[in-house]
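J.: The structure file entry07.txt (compact mmCIF, C-alpha atoms) is provided below.
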# COMPACT_ATOMS: atom_id res chain seq x y z
CA LEU A 21 -148.27 90.34 -147.35
CA ASN A 22 -145.79 87.72 -148.56
CA SER A 23 -146.64 88.51 -152.19
CA LEU A 24 -145.46 92.10 -151.61
CA LEU A 25 -142.18 91.19 -149.89
CA PRO A 26 -138.85 90.35 -151.55
CA LYS A 27 -138.27 86.64 -152.19
CA ASP A 28 -135.78 86.35 -149.31
CA ILE A 29 -138.25 87.52 -146.61
CA ALA A 30 -141.27 85.49 -145.44
CA VAL A 31 -143.89 86.40 -142.84
CA ARG A 32 -145.17 83.49 -140.75
CA SER A 33 -147.44 85.35 -138.35
CA VAL A 34 -148.64 88.87 -137.57
CA PHE A 35 -149.81 90.27 -134.27
CA GLU A 36 -150.42 93.72 -132.84
CA MET A 37 -147.91 94.85 -130.23
CA ASN A 38 -148.27 97.37 -127.44
CA SER A 39 -146.87 100.83 -128.19
CA GLU A 40 -143.88 100.40 -125.82
CA ALA A 41 -142.69 97.18 -127.48
CA HIS A 42 -139.37 97.22 -129.34
CA ALA A 43 -138.64 94.58 -131.99
CA ARG A 44 -134.96 94.40 -131.11
CA PHE A 45 -134.79 95.03 -127.37
CA ASN A 46 -137.82 92.97 -126.31
CA ALA A 47 -136.71 89.78 -128.07
CA LEU A 48 -136.04 86.93 -125.63
CA SER A 49 -133.96 84.93 -128.09
CA ARG A 50 -132.85 84.72 -131.68
CA THR A 51 -131.87 81.61 -133.62
CA TYR A 52 -129.52 81.56 -136.57
CA HIS A 53 -128.56 78.80 -138.97
CA TYR A 54 -125.29 78.85 -140.83
CA LYS A 55 -125.10 76.52 -143.84
CA ILE A 56 -121.95 74.92 -145.19
CA SER A 57 -121.95 72.87 -148.36
CA THR A 58 -119.33 70.10 -148.18
CA ALA A 59 -119.51 69.36 -151.90
CA LYS A 60 -119.82 71.54 -154.96
CA ASN A 61 -123.48 72.29 -155.52
CA VAL A 62 -124.36 74.78 -158.26
CA PHE A 63 -127.82 75.29 -156.77
CA ASN A 64 -126.43 76.24 -153.34
CA TYR A 65 -123.62 78.50 -154.55
CA ASP A 66 -125.23 81.72 -153.28
CA PHE A 67 -126.89 80.12 -150.24
CA ALA A 68 -124.16 78.22 -148.40
CA TYR A 69 -120.43 78.51 -147.74
CA GLU A 70 -118.59 75.82 -149.67
CA VAL A 71 -115.91 73.86 -147.80
CA GLN A 72 -114.85 70.77 -149.73
CA LEU A 73 -112.09 69.69 -147.34
CA PRO A 74 -113.25 67.14 -144.74
CA LEU A 75 -114.54 68.72 -141.51
CA ASN A 76 -114.48 66.91 -138.18
CA VAL A 77 -118.07 67.58 -137.05
CA GLU A 78 -117.48 65.76 -133.75
CA ALA A 79 -114.65 68.19 -132.86
CA MET A 80 -116.82 71.13 -133.92
CA ASN A 81 -119.65 69.95 -131.64
CA GLU A 82 -117.15 69.44 -128.81
CA ALA A 83 -116.14 73.09 -129.26
CA CYS A 84 -119.81 74.13 -129.20
CA LYS A 85 -120.13 72.79 -125.65
CA ILE A 86 -117.36 75.17 -124.55
CA LEU A 87 -119.44 78.17 -125.64
CA PHE A 88 -121.92 77.45 -122.80
CA GLU A 89 -119.18 78.04 -120.22
CA TYR A 90 -118.86 81.72 -121.12
CA LYS A 91 -120.92 84.92 -121.29
CA ASP A 92 -118.40 87.48 -122.62
CA PHE A 93 -117.87 86.99 -126.35
CA GLN A 94 -115.82 90.07 -127.18
CA CYS A 95 -113.40 87.88 -129.15
CA PHE A 96 -116.17 87.19 -131.70
CA SER A 97 -117.38 90.79 -131.99
CA LYS A 98 -116.54 93.09 -134.83
CA SER A 99 -113.83 95.47 -133.62
CA ASN A 100 -114.68 99.06 -132.65
CA THR A 101 -118.37 98.49 -132.05
CA ASP A 102 -120.35 100.75 -129.75
CA VAL A 103 -121.82 98.29 -127.24
CA LYS A 104 -122.11 98.54 -123.46
CA THR A 105 -121.47 94.84 -122.89
CA TYR A 106 -120.18 91.83 -124.80
CA ASN A 107 -122.24 89.45 -122.69
CA CYS A 108 -124.56 87.01 -124.44
CA ASP A 109 -126.40 84.01 -123.03
CA ILE A 110 -126.02 81.18 -125.55
CA LYS A 111 -128.89 78.74 -125.11
CA GLU A 112 -128.00 76.23 -127.85
CA ALA A 113 -125.17 75.68 -130.30
CA PHE A 114 -124.63 72.56 -132.39
CA TRP A 115 -123.77 71.21 -135.84
CA THR A 116 -125.88 68.72 -137.78
CA GLN A 117 -124.94 67.01 -141.02
CA ASN A 118 -127.40 66.03 -143.71
CA SER A 119 -125.71 64.43 -146.70
CA ASP A 120 -123.37 67.11 -148.13
CA GLN A 121 -124.66 69.98 -145.99
CA LEU A 122 -123.63 71.05 -142.49
CA ILE A 123 -125.94 73.32 -140.51
CA PHE A 124 -124.82 75.25 -137.45
CA THR A 125 -127.70 76.19 -135.16
CA ILE A 126 -127.13 78.82 -132.48
CA THR A 127 -129.65 80.48 -130.17
CA ALA A 128 -128.92 83.27 -127.71
CA ASP A 129 -130.62 86.16 -125.97
CA ARG A 130 -128.57 88.53 -128.14
CA PHE A 131 -125.71 88.51 -130.62
CA LEU A 132 -122.85 90.90 -131.25
CA ARG A 133 -122.05 92.25 -134.71
CA ASN A 134 -120.39 89.52 -136.77
CA MET A 135 -120.53 87.08 -133.82
CA VAL A 136 -122.10 84.09 -135.56
CA ARG A 137 -119.87 84.36 -138.62
CA ALA A 138 -116.76 84.65 -136.40
CA ILE A 139 -117.82 81.61 -134.38
CA VAL A 140 -118.42 79.63 -137.58
CA GLY A 141 -115.01 80.63 -138.98
CA THR A 142 -113.37 79.48 -135.76
CA MET A 143 -115.36 76.23 -135.81
CA VAL A 144 -114.30 75.57 -139.42
CA GLU A 145 -110.66 75.92 -138.36
CA ILE A 146 -111.36 73.40 -135.58
CA GLY A 147 -113.11 71.09 -138.04
CA LEU A 148 -110.13 71.26 -140.40
CA GLY A 149 -107.77 70.34 -137.54
CA LYS A 150 -106.00 73.72 -137.56
CA ARG A 151 -107.02 74.22 -133.91
CA LYS A 152 -108.10 71.91 -131.12
CA PRO A 153 -111.58 72.38 -129.59
CA ASP A 154 -109.95 73.34 -126.26
CA ALA A 155 -108.30 76.33 -127.98
CA LEU A 156 -111.70 78.00 -127.70
CA HIS A 157 -111.03 78.59 -123.98
CA GLU A 158 -107.96 80.72 -124.76
CA ILE A 159 -109.66 82.51 -127.65
CA ILE A 160 -112.66 83.55 -125.56
CA ALA A 161 -110.57 84.47 -122.51
CA SER A 162 -108.34 86.71 -124.66
CA LYS A 163 -111.29 88.98 -125.60
CA ASP A 164 -109.29 89.71 -128.76
CA ARG A 165 -110.96 89.38 -132.17
CA SER A 166 -107.60 88.67 -133.84
CA ASN A 167 -107.27 85.42 -131.85
CA ALA A 168 -110.53 83.99 -133.20
CA GLY A 169 -110.95 82.50 -136.65
CA PHE A 170 -111.90 84.21 -139.89
CA SER A 171 -115.41 85.53 -140.51
CA ALA A 172 -117.35 83.02 -142.55
CA PRO A 173 -119.02 84.55 -145.63
CA ALA A 174 -122.39 86.21 -145.07
CA HIS A 175 -124.27 84.20 -147.70
CA GLY A 176 -124.44 81.12 -145.44
CA LEU A 177 -126.14 82.95 -142.52
CA TYR A 178 -129.90 82.80 -141.89
CA LEU A 179 -131.99 84.32 -139.11
CA VAL A 180 -134.62 81.62 -138.58
CA GLU A 181 -136.49 82.55 -135.40
CA ILE A 182 -137.06 85.37 -132.92
CA VAL A 183 -138.95 84.69 -129.69
CA TYR A 184 -140.85 87.50 -127.96
CA PRO A 185 -142.60 87.52 -124.59
CA GLU A 186 -146.38 87.25 -124.73
CA THR A 187 -146.59 90.49 -122.72
CA ILE A 188 -145.73 92.63 -125.76
CA LYS A 189 -148.83 91.48 -127.64
CA LEU A 190 -152.03 93.46 -127.36
CA LYS A 191 -154.94 91.43 -126.07
CA SER A 192 -157.61 91.03 -128.75
Mind turning the file's structure into structure tokens?
T.:
Amino acid sequence: LNSLLPKDIAVRSVFEMNSEAHARFNALSRTYHYKISTAKNVFNYDFAYEVQLPLNVEAMNEACKILFEYKDFQCFSKSNTDVKTYNCDIKEAFWTQNSDQLIFTITADRFLRNMVRAIVGTMVEIGLGKRKPDALHEIIASKDRSNAGFSAPAHGLYLVEIVYPETIKLKS
């Protein structure tokens, strides 16, 4: 199967699902990584967002903790989307640094359109010292996309895991 797929898609496992299962609506959680290169790297150019100015990762992780205090993330949603609710249950959010690469990991039960990229853009502004971590409280409470940071470029975003309940699998 992997030999037939494009190079940017990989299958790790296959299982038969019951006929009522829905790939999007039955997912329990999704995990994304967002990669930032903190130094020029010609091999990462198309695969990570390059930010060469120093980022305060400690402040960015402090801001991550604030995300757990909220459920409504309208401020990070693309404007004029057709959703019934802006509520998401964020289960983990943190930054790790490995040499000249920062990786943002975020897991939630669902994500809004553009949500991860908007969070990352806001976190970069915090990391650059343009905003304090506590500013996240006001941004989220405003429910206004224009109060959040810029949308980080798409080429740094990776869907790395989707978790489904065992009940959607057919018994073999």
J.: Which residues of region 146-186 of chain A sit at most 6 Å from region 119-141 of chain A, using all atoms listed in the file? Give each one's shortest atom pair and distance in Å (one decimal place), in chain and ascending residue order, as a Markdown table.
T.:
| residue | atom | partner | partner_atom | distance |
| --- | --- | --- | --- | --- |
| A:Gly169 | CA | A:Gly141 | CA | 5.0 |
| A:Phe170 | CA | A:Gly141 | CA | 4.8 |
| A:Ser171 | CA | A:Ala138 | CA | 4.4 |
| A:Ala172 | CA | A:Arg137 | CA | 4.9 |
J.: I'd like the box whose edges run along x, y and z of the file and which contains every listed atom of region 23-35 of chain A, padded by 5 Å per side; could you state its centre and edge lengths in Å, one decimal, as JSON?
T.:
{"center_x": -142.8, "center_y": 87.8, "center_z": -143.2, "size_x": 24.0, "size_y": 18.6, "size_z": 27.9}
J.: Give me the residues within 8 Å of Leu179 (chain A) as a list in words, counting only C-alpha atoms and dropping any in the same chain fewer than 2 places off.
T.: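 Counting only the stated atoms, we get Arg50, Thr51, Tyr52, His53, Leu177 and Glu181 of chain A.
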J.: Which residue gives the smallest distance to Gly176 (chain A) among A:Leu156, A:Ile146, A:Ala68, A:Leu87, with all atoms listed in the file counted?
T.: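 With all atoms listed in the file as the atom set, the closest residue is A:Ala68.
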J.: Please report the interatomic distance between CA of Leu73 (chain A) and CA of Gln117 (chain A) in Å with one decimal.
T.: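 Those two atoms sit 14.6 Å apart.
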J.: What separation in Å, quoted to one decimal, exists between CA of Leu48 (chain A) and CA of Met80 (chain A)?
T.: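 Taking CA of Leu48 (chain A) as the start and CA of Met80 (chain A) as the end point, the length is 26.2 Å.
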J.: Between CA of Ala59 (chain A) and CA of Gly149 (chain A), what is the spacing in Å?
T.: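 Result for CA of Gly149 (chain A) versus CA of Ala59 (chain A): 18.6 Å, one decimal.
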J.: Using only C-alpha atoms, pick whichever of A:Ala155, A:Ile188, A:Ala43, A:Val180 has the shortest atom-to-atom distance to Ala30 (chain A).
T.: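 Using only C-alpha atoms, the shortest distance to Ala30 (chain A) belongs to A:Val180.
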J.: Determine the nearest neighbour of Leu190 (chain A) from the options A:Ser33, A:Asn167, A:Ser23, A:Asn38, counting only C-alpha atoms.
T.: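 For Leu190 (chain A), the nearest of the given residues is A:Asn38.
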J.: Ranking A:Asn76, A:Val103, A:Asn118, A:Ile29 by minimum distance to Lys55 (chain A) and counting only C-alpha atoms, which one comes first?
T.: A:Asn118
J.: For Pro185 (chain A), please output as a list in words all residues within 9 Å (counting all atoms listed in the file; exclusion window: fewer than 4 positions along the same chain).
T.: Asn46, Ala47, Leu48 and Lys189 of chain A
J.: Determine, counting all atoms listed in the file, which protein, DNA and RNA residues have an atom within 7 Å of an atom of Tyr106 (chain A); residues of the same chain fewer than 2 positions away are not included. Present the result as a list of chain:residue names.
T.: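 Residues meeting the cut-off are A:Asp92, A:Phe93, A:Gln94, A:Cys108.
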J.: Find, counting only C-alpha atoms, the residue in A:Val183, A:Asn22, A:Pro173, A:His157 that gets nearest to Cys95 (chain A).
T.: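 Distance minimum relative to Cys95 (chain A) lands on A:His157.
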J.: Within 9 Å of Pro74 (chain A), counting all atoms listed in the file, which residues qualify if same-chain residues fewer than 3 places away don't, as a ChimeraX atom specification?
T.: /A:58,71,147-148
J.: Restricting the output to C-alpha atoms, write the selected residues as a PDB file, keeping the file's coordinate frame.
T.:
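The resulting out15.pdb:
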ATOM      1  CA  THR A  58    -119.330  70.100-148.180  1.00  0.00           C
ATOM      2  CA  VAL A  71    -115.910  73.860-147.800  1.00  0.00           C
ATOM      3  CA  GLY A 147    -113.110  71.090-138.040  1.00  0.00           C
ATOM      4  CA  LEU A 148    -110.130  71.260-140.400  1.00  0.00           C
TER       5      LEU A 148
END
J.: Dig up all the protein and nucleic acid residues within 6 Å of (-124.1, 71.6, -133.2) in the file frame, using all atoms listed in the file, and format them as a list in words.
T.: Asn81, Ala113, Phe114, Trp115, Thr116 and Phe124 of chain A
J.: Rank A:Val77, A:Ile56, A:Leu21, A:Ile110 by their smallest atom-to-atom distance to Tyr178 (chain A), using all atoms listed in the file, and report the top residue only.
T.: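 Among the listed residues, A:Ile56 lies closest to Tyr178 (chain A).
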